[in-house]
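Engineer: Below are the structure tokens for one structure; questions will follow.
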Amino acid sequence: THAKFVSSPSGRHSSLSSRLPLKMSESTSCGSSTIVTQPTPLSTRRMSSMGHVNRISRRIHGWSWQAFPIGMGTGAVYVTLAGLKLHPGKSITIVETAFYFLNMILFLLNTSTLLLQLILYPRQAKRLITDPTKGIFVPLVVLSFATIIIGTINYGVPTGRISADFIYGLFWTYVSMSVIVCFPMLMIWFNRPHDLTQFTPAWAFLTGFLDGHQANGAFVACGPPGFTALALISLGDAARKILKEHHLVSESAGEIWYASSVLSGLLLFGLAVFFFVFGALPYWFKLHKHLSEILGCWALTFPNVGWILTLRKLGDIFGWNGFNIWHMIMTILMCITWVVLFVLTAIAFWKGEIFISTPEEIIRDTYWLDMKLNQDPEKRGSDSEDIECDSENATAEMSHCRRQVGRDQGRIETVTVQVHSVSARD
């Protein structure tokens, strides 16, 4: 809606080139001046349909790949609990199994909602994948699936409900998902420009100089060295058994492999702990305490699982119980962190701080899709850019109007004073 000030009865003409969120086809008195609104047909259609956008549509449109860290954090709980040296037994196993099924529910919820988003709002789905900042969360679907595989091995295989062949199938499914998802994302990532101010620790490791939501990402730096240390030690332990049993390389090849893996893993473990301490010390002072940024806080959970599980391995290798006690303390802290984050995430979801879009965003994408489907097939390709530009311009108008709602009264009062001053001078 384009609004302007028309001349006052005193004769002077004052104009203001601004946009005010007034109702269509209305005039409002402002002191000795009058605000006249001039609606455009497109804005009228779009604003009149805003009331028809329901909350479920806003949730589907506003869902993002950043929801998968919630499931990964849930998986972190039962993975760390399962690695306890002094495992209490059946009671904790029941708790672990409950978290395992909750993780599967969250995974199905996220994948189904994003699938609905792809069907109903393809532009939004494409936008999330190609965005330089939000696109980095897409591969998390693979990591979330990996936590489900770990849970299936821990709780399905020992009971005999899941066969080894099924686990092999899950493993190759995981490998296929990794290749299908990650390689295209690398191409998208490196083919787009990136703002230096959005350089995050996932690829920078500048943990001590982070602020706001990036302070959460400081713990992401713990993941690569922590999980690599765990993998090297585990592979080395398996190598000394497999090589010796099958008479491969030499009699001592497995032991040499194992010794070098332990040394390398110990160095990487120290690096992961360093990143954790360096990120934890200034964390509370750097963090923005806003519910709208609660999803980033889930980085406190899963990236730390690698070096926490390595504690158990080092305890078994060196025979020092201090590693096992340290592992138990970190597992308890992991459970407490999950409870706090899950409650705060539920509150943020209930208040509409996360996973929700504005009506204008939905109208823009719905308008674009409707126009594209109703077009003549020969014209779809040539006119798609015009349709997108038209819908974005309409959304820009509505977004600009809604941003003015909280400032209308002060602006009108200011203009009233200015108009009165002009009239007084005349």
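Residue names in the structure tokens use chain letters A, B, ... in the order shown, residue numbers from 1 in each chain, and ligand numbers from 1 in the order shown.
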Tell me which protein, DNA and RNA residues are within 10 Å of Phe227 (chain A), counting only C-alpha atoms, leaving out same-chain ones fewer than 5 positions away, and put them as a CSV table (one decimal) with N, CA and C atoms, in the first residue's frame.
Structural biologist:
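See part07.csv below for the written result:
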```csv
chain,number,residue,atom,x,y,z
A,222,CYS,N,34.9,-30.1,18.5
A,222,CYS,CA,35.3,-31.3,19.2
A,222,CYS,C,35.0,-32.5,18.5
A,232,LEU,N,40.1,-44.6,15.3
A,232,LEU,CA,41.4,-45.2,15.1
A,232,LEU,C,41.7,-46.2,16.2
A,265,GLY,N,45.4,-41.8,18.4
A,265,GLY,CA,44.1,-41.5,19.1
A,265,GLY,C,44.3,-40.7,20.3
A,268,LEU,N,44.8,-37.0,19.3
A,268,LEU,CA,43.5,-36.4,18.8
A,268,LEU,C,42.6,-36.2,20.0
A,269,PHE,N,42.6,-37.1,20.9
A,269,PHE,CA,41.7,-37.0,22.1
A,269,PHE,C,42.1,-35.7,22.9
A,272,ALA,N,40.7,-32.7,21.1
A,272,ALA,CA,39.3,-32.6,21.3
A,272,ALA,C,39.0,-32.0,22.7
A,303,PRO,N,28.4,-33.6,19.3
A,303,PRO,CA,29.8,-33.5,18.9
A,303,PRO,C,30.8,-33.9,20.0
A,304,ASN,N,30.3,-33.9,21.2
A,304,ASN,CA,31.2,-34.3,22.3
A,304,ASN,C,31.2,-35.8,22.6
A,305,VAL,N,30.3,-36.6,21.9
A,305,VAL,CA,30.2,-38.0,22.1
A,305,VAL,C,31.5,-38.7,21.8
A,306,GLY,N,32.2,-38.3,20.7
A,306,GLY,CA,33.4,-39.0,20.3
A,306,GLY,C,34.5,-39.1,21.4
A,307,TRP,N,34.9,-37.9,21.9
A,307,TRP,CA,35.9,-37.9,22.9
A,307,TRP,C,35.5,-38.5,24.3
A,308,ILE,N,34.1,-38.4,24.6
A,308,ILE,CA,33.6,-39.0,25.8
A,308,ILE,C,33.7,-40.5,25.7
A,309,LEU,N,33.4,-41.1,24.6
A,309,LEU,CA,33.5,-42.6,24.4
A,309,LEU,C,35.0,-43.0,24.4
A,310,THR,N,35.8,-42.1,23.9
A,310,THR,CA,37.3,-42.4,23.9
A,310,THR,C,37.8,-42.6,25.3
```
Engineer: Enumerate, as a ChimeraX atom specification, the complete set of residues in region 28-272 of chain A that a backbone-based DSSP assignment places in strand (DSSP E).
Structural biologist: /A:28-30,33-38
Engineer: DSSP on the backbone, then: every residue of region 104-196 of chain A marked alpha helix (DSSP H), written as a PyMOL selection string.
Structural biologist: chain A and resi 104-120+122-130+140-155+164-190
Engineer: Can you pull out the residues contacting region 62-72 of chain A? Cut-off 7 Å, using only C-alpha atoms, and skip same-chain residues under 4 positions away; I want them as a list in words.
Structural biologist: Arg58, Ala76, Asn103, Leu106, Phe107, Asn110, Leu114, Phe137, Val138, Leu140, Val141, Ser144, Thr147, Leu295, Trp298, Phe302, Phe355, Ile356 and Ser357 of chain A
Engineer: Which residues are close to region 252-259 of chain A, i.e. within 6 Å by only C-alpha atoms, leaving aside same-chain residues fewer than 6 positions away? Reply as a PyMOL selection string.
Structural biologist: chain A and resi 236-237+239-240+243
Engineer: What's around Thr301 (chain A) at 10 Å? Count only C-alpha atoms, leave out sequence neighbours fewer than 5 positions away in its own chain, and write the answer as a list in words.
Structural biologist: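 The filter keeps Pro69, Ile70, Met72, Gly73, Thr74, Gly75, Ala76, Val77, Phe219, Val220, Leu333, Met334, Cys335, Thr337, Trp338 and Leu341 of chain A.
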Engineer: Write a file of the just-selected residues containing C-alpha atoms, as a PDB file, in the first residue's frame.
Structural biologist:
```pdb
ATOM      1  CA  PRO A  69      20.459 -32.140  15.840  1.00  0.00           C
ATOM      2  CA  ILE A  70      17.606 -32.735  18.295  1.00  0.00           C
ATOM      3  CA  MET A  72      21.317 -36.545  17.290  1.00  0.00           C
ATOM      4  CA  GLY A  73      21.371 -35.146  20.823  1.00  0.00           C
ATOM      5  CA  THR A  74      18.811 -37.773  21.824  1.00  0.00           C
ATOM      6  CA  GLY A  75      21.034 -40.449  20.299  1.00  0.00           C
ATOM      7  CA  ALA A  76      24.012 -39.038  22.197  1.00  0.00           C
ATOM      8  CA  VAL A  77      22.279 -39.905  25.466  1.00  0.00           C
ATOM      9  CA  PHE A 219      31.724 -27.442  20.376  1.00  0.00           C
ATOM     10  CA  VAL A 220      31.365 -28.673  16.796  1.00  0.00           C
ATOM     11  CA  LEU A 333      26.239 -34.033  32.337  1.00  0.00           C
ATOM     12  CA  MET A 334      25.112 -35.157  28.887  1.00  0.00           C
ATOM     13  CA  CYS A 335      21.796 -36.400  30.306  1.00  0.00           C
ATOM     14  CA  THR A 337      22.050 -31.083  29.189  1.00  0.00           C
ATOM     15  CA  TRP A 338      19.567 -33.067  27.120  1.00  0.00           C
ATOM     16  CA  LEU A 341      17.647 -28.379  26.006  1.00  0.00           C
TER      17      LEU A 341
END
```
Engineer: How many Å lie between CA of Trp284 (chain A) and CA of Leu143 (chain A), rounded to one decimal?
Structural biologist: 27.2 Å
Engineer: Tell me which of A:Leu102, A:Pro139, A:Thr80, A:Ser176 sits closest to Asn154 (chain A), counting only C-alpha atoms.
Structural biologist: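 So, comparing all the options, the nearest one is A:Thr80.
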Engineer: Calculated over only C-alpha atoms, which of the candidates A:Ile294, A:Asn321, A:Glu360, A:Ala280 has the smallest distance to Phe342 (chain A)?
Structural biologist: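 The answer is A:Ile294, which sits nearest to Phe342 (chain A).
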Engineer: Of the residues A:Ile105, A:Ile94, A:Met187, A:Ala146, which is the one nearest to Pro132 (chain A), using only C-alpha atoms?
Structural biologist: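 That would be A:Met187, the residue with the smallest distance to Pro132 (chain A).
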Engineer: Work out how far apart CA of Ile149 (chain A) and CA of Leu116 (chain A) are and give it in Å to one decimal.
Structural biologist: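 Interatomic distance here is 24.8 Å.
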